[in-house]
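**Q** Sending over a structure as structure tokens; questions will come in a sec.
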Amino acid sequence: MHFKTPRLSMLDLVAVREGGTVRQALDIAVQTAQKAEALGFARYWLAEHHNMPGIASSATAVLIGHIAGQTTRIRVGSGGIMLPNHPPLVVAEAFGTLAELYPGRIDLGLGRAPGTDGATMRALRRDRVETEEDFPRDVAELQRLLGPADPNARISATPGSDTHIPIWLLGSSLYSAQLAAMKGLPYAFASHFAPRFLHQAIGLYRQLFRPSAVLDKPYVMVGVPVVAAPTDAEAQFLATSTQQRVLGILTGQRGKLPLPVEGFLQQLGPREQAAIQDFLALAVVGGPETVRQGFAQIQQSTEADELILVTDIHDPALRLRSLEISAQALAG
């Protein structure tokens, strides 16, 4: 059976590297976006995280503008803006401004998680208490603010009105899949770090999907951690940077993106190994043929319309090479 070739995109956490600075991380993000554009990637998304010394994409909208200004065609957006952290009007005005500056190139991916810890969440929104109803209500408000200008509306977004920025819902559970289906919005599953409910969520999304003004049939994007190199052995070595980062996330010791370490997984106990492998269950790590087969397996099991790659390699040049190998593997 032949499956359609998915579009290829990139999600960047803008990792600050061990031995590197925030400014270097931001410059590397621009170079990586330019490479992704040259390789024909559909979009370049940035993720909102806070209070993390190893991630420099916290001011997501600011960085989207910087990267859109240093590229010419590729769509640039959020993967995602964590809506509990922001009033919808502020999001609409920021992204409305971006859409006016870079027409037809801005995406607004929305997440329901805070993207941080409780103390930082309070620092972002003070004493606001979230309820289950807030997220769908905030999404609907954003759709209104970014949609057709309404002269009778008491509150409108300027910039924002009439920009019709594509809204995506992101998630790692079944909740956002159902909401995206009901609203007829494109859906991105965060399988690059939480793959457990991937097949259940996209199945539910497709089953419940209702056509809308923006989408007539389901559109699924799947997050894939990728480390590609000329050989399997080199890719496995380079992937130890990601494995160390994941262990840090799981143990609450978040730091900068570390240098690769020979035989890192083998030095860990079985529980740590299993936890890292669960986190990275969808990871594609290897040489060109291994990567090609990995993409084919994911495509066979998900029939995704788009794969969004997460590639954390300590050496920026080898990261660009990984993107090249990935693009060739998918095309081949």
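All residue names refer to the structure tokens as shown: chains lettered A, B, ... in order, residues numbered from 1 in each chain, ligands numbered from 1 in order.
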From a DSSP pass on the backbone, collect the residues of range 102-304 of chain A flagged as alpha helix (DSSP H) and hand them back as an mmCIF file with N, CA and C atoms, in the first residue's frame.
**A**
```cif
data_model
loop_
_atom_site.group_PDB
_atom_site.id
_atom_site.type_symbol
_atom_site.label_atom_id
_atom_site.label_comp_id
_atom_site.auth_asym_id
_atom_site.auth_seq_id
_atom_site.Cartn_x
_atom_site.Cartn_y
_atom_site.Cartn_z
ATOM 1 N N GLY A 118 4.012 25.640 38.536
ATOM 2 C CA GLY A 118 2.974 26.438 39.179
ATOM 3 C C GLY A 118 3.431 27.818 39.594
ATOM 4 N N ALA A 119 4.625 27.909 40.166
ATOM 5 C CA ALA A 119 5.121 29.209 40.630
ATOM 6 C C ALA A 119 5.308 30.169 39.461
ATOM 7 N N THR A 120 5.844 29.650 38.343
ATOM 8 C CA THR A 120 6.048 30.506 37.168
ATOM 9 C C THR A 120 4.707 30.885 36.549
ATOM 10 N N MET A 121 3.755 29.957 36.587
ATOM 11 C CA MET A 121 2.438 30.259 36.054
ATOM 12 C C MET A 121 1.807 31.417 36.822
ATOM 13 N N ARG A 122 1.981 31.417 38.138
ATOM 14 C CA ARG A 122 1.454 32.529 38.936
ATOM 15 C C ARG A 122 2.180 33.835 38.600
ATOM 16 N N ALA A 123 3.470 33.725 38.300
ATOM 17 C CA ALA A 123 4.225 34.915 37.909
ATOM 18 C C ALA A 123 3.726 35.475 36.573
ATOM 19 N N LEU A 124 3.256 34.585 35.691
ATOM 20 C CA LEU A 124 2.769 35.016 34.383
ATOM 21 C C LEU A 124 1.362 35.612 34.458
ATOM 22 N N ARG A 125 0.499 34.987 35.221
ATOM 23 C CA ARG A 125 -0.900 35.430 35.243
ATOM 24 C C ARG A 125 -1.373 35.793 36.644
ATOM 25 N N ASP A 134 -12.344 27.370 30.262
ATOM 26 C CA ASP A 134 -11.580 28.536 29.796
ATOM 27 C C ASP A 134 -10.982 28.329 28.409
ATOM 28 N N PHE A 135 -10.415 27.152 28.172
ATOM 29 C CA PHE A 135 -9.687 26.950 26.911
ATOM 30 C C PHE A 135 -10.610 27.071 25.697
ATOM 31 N N PRO A 136 -11.717 26.312 25.620
ATOM 32 C CA PRO A 136 -12.580 26.484 24.436
ATOM 33 C C PRO A 136 -13.140 27.894 24.308
ATOM 34 N N ARG A 137 -13.415 28.538 25.437
ATOM 35 C CA ARG A 137 -13.933 29.911 25.388
ATOM 36 C C ARG A 137 -12.865 30.864 24.850
ATOM 37 N N ASP A 138 -11.616 30.681 25.300
ATOM 38 C CA ASP A 138 -10.516 31.533 24.828
ATOM 39 C C ASP A 138 -10.227 31.305 23.346
ATOM 40 N N VAL A 139 -10.301 30.041 22.896
ATOM 41 C CA VAL A 139 -10.098 29.737 21.468
ATOM 42 C C VAL A 139 -11.177 30.438 20.635
ATOM 43 N N ALA A 140 -12.431 30.344 21.080
ATOM 44 C CA ALA A 140 -13.532 30.992 20.363
ATOM 45 C C ALA A 140 -13.341 32.508 20.318
ATOM 46 N N GLU A 141 -12.856 33.077 21.418
ATOM 47 C CA GLU A 141 -12.615 34.525 21.466
ATOM 48 C C GLU A 141 -11.509 34.915 20.485
ATOM 49 N N LEU A 142 -10.465 34.099 20.399
ATOM 50 C CA LEU A 142 -9.393 34.371 19.433
ATOM 51 C C LEU A 142 -9.908 34.281 17.998
ATOM 52 N N GLN A 143 -10.728 33.281 17.740
ATOM 53 C CA GLN A 143 -11.300 33.164 16.389
ATOM 54 C C GLN A 143 -12.095 34.421 16.035
ATOM 55 N N ARG A 144 -12.837 34.946 17.010
ATOM 56 C CA ARG A 144 -13.626 36.160 16.775
ATOM 57 C C ARG A 144 -12.715 37.367 16.542
ATOM 58 N N LEU A 145 -11.693 37.507 17.396
ATOM 59 C CA LEU A 145 -10.810 38.674 17.310
ATOM 60 C C LEU A 145 -9.993 38.698 16.021
ATOM 61 N N LEU A 146 -9.663 37.516 15.489
ATOM 62 C CA LEU A 146 -8.842 37.438 14.272
ATOM 63 C C LEU A 146 -9.695 37.329 13.014
ATOM 64 N N LEU A 174 -6.620 13.413 24.684
ATOM 65 C CA LEU A 174 -7.792 13.313 23.815
ATOM 66 C C LEU A 174 -8.622 14.597 23.819
ATOM 67 N N TYR A 175 -8.400 15.459 24.807
ATOM 68 C CA TYR A 175 -9.235 16.657 24.970
ATOM 69 C C TYR A 175 -9.134 17.575 23.749
ATOM 70 N N SER A 176 -7.916 17.974 23.397
ATOM 71 C CA SER A 176 -7.745 18.916 22.283
ATOM 72 C C SER A 176 -8.136 18.284 20.954
ATOM 73 N N ALA A 177 -7.981 16.960 20.835
ATOM 74 C CA ALA A 177 -8.379 16.262 19.608
ATOM 75 C C ALA A 177 -9.881 16.436 19.386
ATOM 76 N N GLN A 178 -10.665 16.297 20.458
ATOM 77 C CA GLN A 178 -12.116 16.444 20.345
ATOM 78 C C GLN A 178 -12.511 17.882 20.040
ATOM 79 N N LEU A 179 -11.845 18.827 20.707
ATOM 80 C CA LEU A 179 -12.162 20.235 20.479
ATOM 81 C C LEU A 179 -11.808 20.653 19.043
ATOM 82 N N ALA A 180 -10.635 20.220 18.560
ATOM 83 C CA ALA A 180 -10.230 20.529 17.177
ATOM 84 C C ALA A 180 -11.226 19.946 16.185
ATOM 85 N N ALA A 181 -11.694 18.730 16.455
ATOM 86 C CA ALA A 181 -12.666 18.081 15.561
ATOM 87 C C ALA A 181 -13.976 18.858 15.539
ATOM 88 N N MET A 182 -14.465 19.250 16.730
ATOM 89 C CA MET A 182 -15.743 19.970 16.816
ATOM 90 C C MET A 182 -15.672 21.327 16.138
ATOM 91 N N LYS A 183 -14.496 21.968 16.214
ATOM 92 C CA LYS A 183 -14.343 23.301 15.636
ATOM 93 C C LYS A 183 -13.879 23.258 14.166
ATOM 94 N N LEU A 198 -1.164 8.999 20.916
ATOM 95 C CA LEU A 198 -1.123 9.478 19.522
ATOM 96 C C LEU A 198 -2.226 8.862 18.672
ATOM 97 N N HIS A 199 -2.255 7.543 18.579
ATOM 98 C CA HIS A 199 -3.181 6.900 17.636
ATOM 99 C C HIS A 199 -4.633 7.066 18.071
ATOM 100 N N GLN A 200 -4.867 7.014 19.373
ATOM 101 C CA GLN A 200 -6.217 7.207 19.904
ATOM 102 C C GLN A 200 -6.707 8.634 19.598
ATOM 103 N N ALA A 201 -5.821 9.611 19.803
ATOM 104 C CA ALA A 201 -6.211 11.013 19.622
ATOM 105 C C ALA A 201 -6.498 11.334 18.155
ATOM 106 N N ILE A 202 -5.615 10.916 17.261
ATOM 107 C CA ILE A 202 -5.855 11.268 15.855
ATOM 108 C C ILE A 202 -7.029 10.469 15.291
ATOM 109 N N GLY A 203 -7.250 9.261 15.810
ATOM 110 C CA GLY A 203 -8.424 8.482 15.401
ATOM 111 C C GLY A 203 -9.711 9.188 15.816
ATOM 112 N N LEU A 204 -9.734 9.679 17.049
ATOM 113 C CA LEU A 204 -10.897 10.395 17.575
ATOM 114 C C LEU A 204 -11.132 11.687 16.792
ATOM 115 N N TYR A 205 -10.041 12.397 16.518
ATOM 116 C CA TYR A 205 -10.128 13.652 15.764
ATOM 117 C C TYR A 205 -10.763 13.406 14.388
ATOM 118 N N ARG A 206 -10.280 12.387 13.690
ATOM 119 C CA ARG A 206 -10.811 12.110 12.349
ATOM 120 C C ARG A 206 -12.265 11.652 12.413
ATOM 121 N N GLN A 207 -12.577 10.866 13.410
ATOM 122 C CA GLN A 207 -13.934 10.325 13.550
ATOM 123 C C GLN A 207 -14.959 11.424 13.851
ATOM 124 N N LEU A 208 -14.581 12.387 14.709
ATOM 125 C CA LEU A 208 -15.520 13.413 15.167
ATOM 126 C C LEU A 208 -15.478 14.691 14.326
ATOM 127 N N ASP A 232 24.159 4.999 11.252
ATOM 128 C CA ASP A 232 23.350 4.741 12.449
ATOM 129 C C ASP A 232 24.152 5.028 13.715
ATOM 130 N N ALA A 233 25.418 4.609 13.714
ATOM 131 C CA ALA A 233 26.242 4.747 14.928
ATOM 132 C C ALA A 233 26.435 6.218 15.299
ATOM 133 N N GLU A 234 26.703 7.062 14.295
ATOM 134 C CA GLU A 234 26.897 8.477 14.607
ATOM 135 C C GLU A 234 25.594 9.117 15.083
ATOM 136 N N ALA A 235 24.480 8.754 14.453
ATOM 137 C CA ALA A 235 23.188 9.308 14.861
ATOM 138 C C ALA A 235 22.866 8.922 16.303
ATOM 139 N N GLN A 236 23.137 7.666 16.658
ATOM 140 C CA GLN A 236 22.869 7.209 18.035
ATOM 141 C C GLN A 236 23.744 7.955 19.037
ATOM 142 N N PHE A 237 24.976 8.248 18.657
ATOM 143 C CA PHE A 237 25.862 9.029 19.527
ATOM 144 C C PHE A 237 25.325 10.455 19.692
ATOM 145 N N LEU A 238 24.957 11.096 18.581
ATOM 146 C CA LEU A 238 24.448 12.475 18.652
ATOM 147 C C LEU A 238 23.133 12.552 19.440
ATOM 148 N N THR A 240 22.387 11.164 22.084
ATOM 149 C CA THR A 240 22.553 11.140 23.546
ATOM 150 C C THR A 240 22.385 12.538 24.156
ATOM 151 N N SER A 241 22.562 13.590 23.363
ATOM 152 C CA SER A 241 22.258 14.940 23.871
ATOM 153 C C SER A 241 20.780 15.047 24.222
ATOM 154 N N THR A 242 19.923 14.564 23.315
ATOM 155 C CA THR A 242 18.483 14.567 23.559
ATOM 156 C C THR A 242 18.123 13.669 24.735
ATOM 157 N N GLN A 243 18.743 12.494 24.788
ATOM 158 C CA GLN A 243 18.450 11.562 25.892
ATOM 159 C C GLN A 243 18.801 12.165 27.247
ATOM 160 N N GLN A 244 19.919 12.871 27.315
ATOM 161 C CA GLN A 244 20.300 13.535 28.564
ATOM 162 C C GLN A 244 19.293 14.636 28.917
ATOM 163 N N ARG A 245 18.863 15.375 27.901
ATOM 164 C CA ARG A 245 17.882 16.441 28.131
ATOM 165 C C ARG A 245 16.571 15.859 28.659
ATOM 166 N N VAL A 246 16.136 14.750 28.066
ATOM 167 C CA VAL A 246 14.895 14.094 28.501
ATOM 168 C C VAL A 246 15.015 13.602 29.942
ATOM 169 N N LEU A 247 16.158 13.001 30.285
ATOM 170 C CA LEU A 247 16.351 12.555 31.666
ATOM 171 C C LEU A 247 16.266 13.732 32.632
ATOM 172 N N GLY A 248 16.824 14.871 32.222
ATOM 173 C CA GLY A 248 16.742 16.079 33.038
ATOM 174 C C GLY A 248 15.306 16.541 33.240
ATOM 175 N N ILE A 249 14.494 16.461 32.172
ATOM 176 C CA ILE A 249 13.078 16.831 32.276
ATOM 177 C C ILE A 249 12.363 15.887 33.245
ATOM 178 N N LEU A 250 12.645 14.587 33.111
ATOM 179 C CA LEU A 250 11.955 13.583 33.927
ATOM 180 C C LEU A 250 12.351 13.653 35.399
ATOM 181 N N PRO A 270 17.564 0.289 34.417
ATOM 182 C CA PRO A 270 16.456 -0.067 33.523
ATOM 183 C C PRO A 270 15.263 0.875 33.618
ATOM 184 N N ARG A 271 14.999 1.427 34.811
ATOM 185 C CA ARG A 271 13.847 2.329 34.965
ATOM 186 C C ARG A 271 14.063 3.621 34.185
ATOM 187 N N GLU A 272 15.271 4.204 34.306
ATOM 188 C CA GLU A 272 15.578 5.435 33.563
ATOM 189 C C GLU A 272 15.556 5.179 32.060
ATOM 190 N N GLN A 273 16.144 4.056 31.646
ATOM 191 C CA GLN A 273 16.146 3.719 30.216
ATOM 192 C C GLN A 273 14.718 3.626 29.678
ATOM 193 N N ALA A 274 13.850 2.939 30.426
ATOM 194 C CA ALA A 274 12.465 2.758 29.979
ATOM 195 C C ALA A 274 11.731 4.098 29.906
ATOM 196 N N ALA A 275 11.983 4.977 30.889
ATOM 197 C CA ALA A 275 11.298 6.284 30.906
ATOM 198 C C ALA A 275 11.714 7.131 29.710
ATOM 199 N N ILE A 276 13.007 7.123 29.392
ATOM 200 C CA ILE A 276 13.496 7.886 28.233
ATOM 201 C C ILE A 276 12.917 7.310 26.945
ATOM 202 N N GLN A 277 12.885 5.978 26.855
ATOM 203 C CA GLN A 277 12.375 5.345 25.632
ATOM 204 C C GLN A 277 10.877 5.580 25.453
ATOM 205 N N ASP A 278 10.128 5.658 26.554
ATOM 206 C CA ASP A 278 8.697 5.996 26.469
ATOM 207 C C ASP A 278 8.514 7.409 25.917
ATOM 208 N N PHE A 279 9.286 8.344 26.460
ATOM 209 C CA PHE A 279 9.242 9.754 26.060
ATOM 210 C C PHE A 279 9.560 9.879 24.564
ATOM 211 N N PRO A 288 20.628 7.433 6.665
ATOM 212 C CA PRO A 288 19.571 7.752 5.697
ATOM 213 C C PRO A 288 18.524 6.653 5.524
ATOM 214 N N GLU A 289 18.954 5.400 5.413
ATOM 215 C CA GLU A 289 17.989 4.321 5.189
ATOM 216 C C GLU A 289 17.133 4.065 6.429
ATOM 217 N N THR A 290 17.755 4.122 7.607
ATOM 218 C CA THR A 290 17.006 3.945 8.858
ATOM 219 C C THR A 290 15.970 5.053 9.011
ATOM 220 N N VAL A 291 16.355 6.276 8.668
ATOM 221 C CA VAL A 291 15.435 7.413 8.766
ATOM 222 C C VAL A 291 14.291 7.252 7.768
ATOM 223 N N ARG A 292 14.619 6.817 6.556
ATOM 224 C CA ARG A 292 13.576 6.605 5.541
ATOM 225 C C ARG A 292 12.562 5.574 6.034
ATOM 226 N N GLN A 293 13.067 4.475 6.592
ATOM 227 C CA GLN A 293 12.171 3.435 7.100
ATOM 228 C C GLN A 293 11.352 3.926 8.297
ATOM 229 N N GLY A 294 12.003 4.717 9.152
ATOM 230 C CA GLY A 294 11.299 5.261 10.315
ATOM 231 C C GLY A 294 10.140 6.159 9.904
ATOM 232 N N PHE A 295 10.395 7.046 8.943
ATOM 233 C CA PHE A 295 9.329 7.916 8.441
ATOM 234 C C PHE A 295 8.205 7.080 7.807
ATOM 235 N N ALA A 296 8.600 6.050 7.053
ATOM 236 C CA ALA A 296 7.595 5.209 6.383
ATOM 237 C C ALA A 296 6.706 4.497 7.403
ATOM 238 N N GLN A 297 7.303 4.030 8.493
ATOM 239 C CA GLN A 297 6.506 3.354 9.535
ATOM 240 C C GLN A 297 5.533 4.320 10.199
ATOM 241 N N ILE A 298 6.010 5.525 10.495
ATOM 242 C CA ILE A 298 5.129 6.524 11.113
ATOM 243 C C ILE A 298 3.992 6.867 10.159
ATOM 244 N N GLN A 299 4.322 7.009 8.892
ATOM 245 C CA GLN A 299 3.300 7.367 7.905
ATOM 246 C C GLN A 299 2.285 6.246 7.738
ATOM 247 N N GLN A 300 2.765 5.019 7.790
ATOM 248 C CA GLN A 300 1.868 3.870 7.655
ATOM 249 C C GLN A 300 0.894 3.802 8.838
ATOM 250 N N SER A 301 1.375 4.123 10.027
ATOM 251 C CA SER A 301 0.534 3.968 11.214
ATOM 252 C C SER A 301 -0.335 5.199 11.507
ATOM 253 N N THR A 302 0.060 6.373 10.983
ATOM 254 C CA THR A 302 -0.703 7.593 11.313
ATOM 255 C C THR A 302 -1.402 8.232 10.105
#
```
**Q** Residues within 6 Å of range 15-28 of chain A, please, as a ChimeraX atom specification. Count only C-alpha atoms; anything in the same chain fewer than 3 positions from it doesn't count.
**A** /A:31,54-55,256-258
**Q** List the neighbours of range 165-171 of chain A out to 8 Å using only C-alpha atoms; skip same-chain residues closer than 3 positions along the sequence, and give me the result as a compact mmCIF listing (two decimals) with N, CA, C and O atoms, in the first residue's frame.
**A**
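Output (result-v5.txt):
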```txt
# COMPACT_ATOMS: atom_id res chain seq x y z
N GLY A 79 4.17 26.72 18.23
CA GLY A 79 3.83 25.32 18.46
C GLY A 79 4.03 24.94 19.90
O GLY A 79 4.81 24.07 20.19
N GLY A 80 3.35 25.58 20.84
CA GLY A 80 2.33 26.58 20.59
C GLY A 80 2.45 27.71 21.61
O GLY A 80 3.31 27.70 22.47
N PHE A 95 -0.21 38.52 17.37
CA PHE A 95 -0.19 37.76 16.12
C PHE A 95 -0.82 38.54 14.97
O PHE A 95 -0.42 38.38 13.81
N GLY A 96 -1.78 39.42 15.29
CA GLY A 96 -2.31 40.30 14.26
C GLY A 96 -1.23 41.21 13.70
O GLY A 96 -1.15 41.45 12.49
N ALA A 99 0.93 39.14 11.47
CA ALA A 99 0.25 38.84 10.20
C ALA A 99 0.25 40.05 9.26
O ALA A 99 0.31 39.89 8.04
N GLY A 104 0.17 36.17 5.17
CA GLY A 104 0.11 34.81 4.62
C GLY A 104 1.18 33.88 5.12
O GLY A 104 1.33 32.77 4.59
N ILE A 106 1.98 33.51 8.82
CA ILE A 106 1.96 33.33 10.27
C ILE A 106 0.92 32.28 10.67
O ILE A 106 -0.21 32.30 10.19
N ASP A 107 1.31 31.35 11.55
CA ASP A 107 0.42 30.35 12.12
C ASP A 107 0.29 30.58 13.62
O ASP A 107 1.26 30.97 14.27
N LEU A 108 -0.89 30.27 14.15
CA LEU A 108 -1.10 30.37 15.59
C LEU A 108 -1.52 29.01 16.14
O LEU A 108 -2.69 28.63 16.05
N GLY A 109 -0.54 28.25 16.64
CA GLY A 109 -0.83 26.99 17.31
C GLY A 109 -1.06 27.25 18.78
O GLY A 109 -0.30 27.99 19.41
N LEU A 110 -2.12 26.65 19.34
CA LEU A 110 -2.52 26.91 20.72
C LEU A 110 -2.47 25.65 21.56
O LEU A 110 -2.97 24.59 21.14
N GLY A 111 -1.89 25.77 22.75
CA GLY A 111 -1.83 24.66 23.69
C GLY A 111 -2.61 24.99 24.95
O GLY A 111 -2.82 26.16 25.29
N ARG A 112 -3.01 23.94 25.67
CA ARG A 112 -3.83 24.10 26.87
C ARG A 112 -3.00 24.01 28.14
O ARG A 112 -3.44 24.41 29.22
N GLN A 143 -10.73 33.28 17.74
CA GLN A 143 -11.30 33.16 16.39
C GLN A 143 -12.10 34.42 16.04
O GLN A 143 -12.02 34.92 14.91
N LEU A 146 -9.66 37.52 15.49
CA LEU A 146 -8.84 37.44 14.27
C LEU A 146 -9.70 37.33 13.01
O LEU A 146 -9.18 37.34 11.90
N LEU A 174 -6.62 13.41 24.68
CA LEU A 174 -7.79 13.31 23.81
C LEU A 174 -8.62 14.60 23.82
O LEU A 174 -9.43 14.83 22.93
N TYR A 175 -8.40 15.46 24.81
CA TYR A 175 -9.24 16.66 24.97
C TYR A 175 -9.13 17.58 23.75
O TYR A 175 -10.14 17.94 23.14
N SER A 176 -7.92 17.97 23.40
CA SER A 176 -7.75 18.92 22.28
C SER A 176 -8.14 18.28 20.95
O SER A 176 -8.57 18.99 20.04
N ALA A 177 -7.98 16.96 20.84
CA ALA A 177 -8.38 16.26 19.61
C ALA A 177 -9.88 16.44 19.39
O ALA A 177 -10.33 16.72 18.27
N ALA A 180 -10.64 20.22 18.56
CA ALA A 180 -10.23 20.53 17.18
C ALA A 180 -11.23 19.95 16.19
O ALA A 180 -11.57 20.59 15.19
N LEU A 185 -10.84 22.48 13.07
CA LEU A 185 -9.51 23.10 13.00
C LEU A 185 -8.44 22.03 12.76
O LEU A 185 -8.62 20.87 13.11
N PRO A 186 -7.29 22.42 12.19
CA PRO A 186 -6.18 21.46 12.06
C PRO A 186 -5.65 21.10 13.45
O PRO A 186 -5.69 21.91 14.38
N TYR A 187 -5.11 19.89 13.55
CA TYR A 187 -4.73 19.33 14.85
C TYR A 187 -3.30 18.82 14.79
O TYR A 187 -2.92 18.10 13.88
N ALA A 188 -2.51 19.23 15.79
CA ALA A 188 -1.11 18.77 15.89
C ALA A 188 -0.95 17.99 17.19
O ALA A 188 -1.27 18.51 18.26
N PHE A 189 -0.45 16.77 17.08
CA PHE A 189 -0.27 15.94 18.28
C PHE A 189 1.19 15.99 18.73
O PHE A 189 2.11 15.79 17.93
N ALA A 190 1.38 16.21 20.04
CA ALA A 190 2.73 16.41 20.60
C ALA A 190 3.45 15.10 20.87
O ALA A 190 3.93 14.84 21.97
N VAL A 214 -12.76 26.95 7.64
CA VAL A 214 -11.32 26.94 7.37
C VAL A 214 -10.81 25.59 6.88
O VAL A 214 -9.73 25.50 6.30
```
**Q** For Met10 in chain A, work out the shell of residues within 9 Å, counting only C-alpha atoms and skipping chain neighbours fewer than 3 positions away, then give it as an NGL selection string.
**A** :A and (33 or 36 or 41-46 or 223 or 307-311)
**Q** Take CA of Phe209 in chain A and CA of Glu133 in chain A and report the distance between them in Å, one decimal.
**A**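 Distance between the two atoms: 20.1 Å.
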**Q** Just want the 12 Å neighbourhood of Gly40 in chain A, counted on only C-alpha atoms, with same-chain residues fewer than 2 positions away dropped. Output as a list in words.
**A**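 Result of the neighbour search: Arg7, Leu8, Ser9, Met10, Ala33, Gln34, Lys35, Ala36, Glu37, Ala38, Ala42, Arg43, Tyr44, Thr72, Arg73, Ile74, Arg75, Leu323, Glu324, Ser326, Ala327, Gln328, Leu330 and Ala331 of chain A.
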**Q** From the DSSP assignment of the backbone, select every residue of range 15-188 of chain A that is strand (DSSP E), and format the answer as a list in words.
**A**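 Matching residues, listed in order: Arg43, Tyr44, Trp45, Leu46, Arg75, Val76, Gly77, Ser78, Gly79, Gly80, Ile81, Met82, Ile106, Asp107, Leu108, Gly109, Leu110, Gly111, Ile167, Trp168, Leu169, Leu170, Gly171, Tyr187 and Ala188 of chain A.
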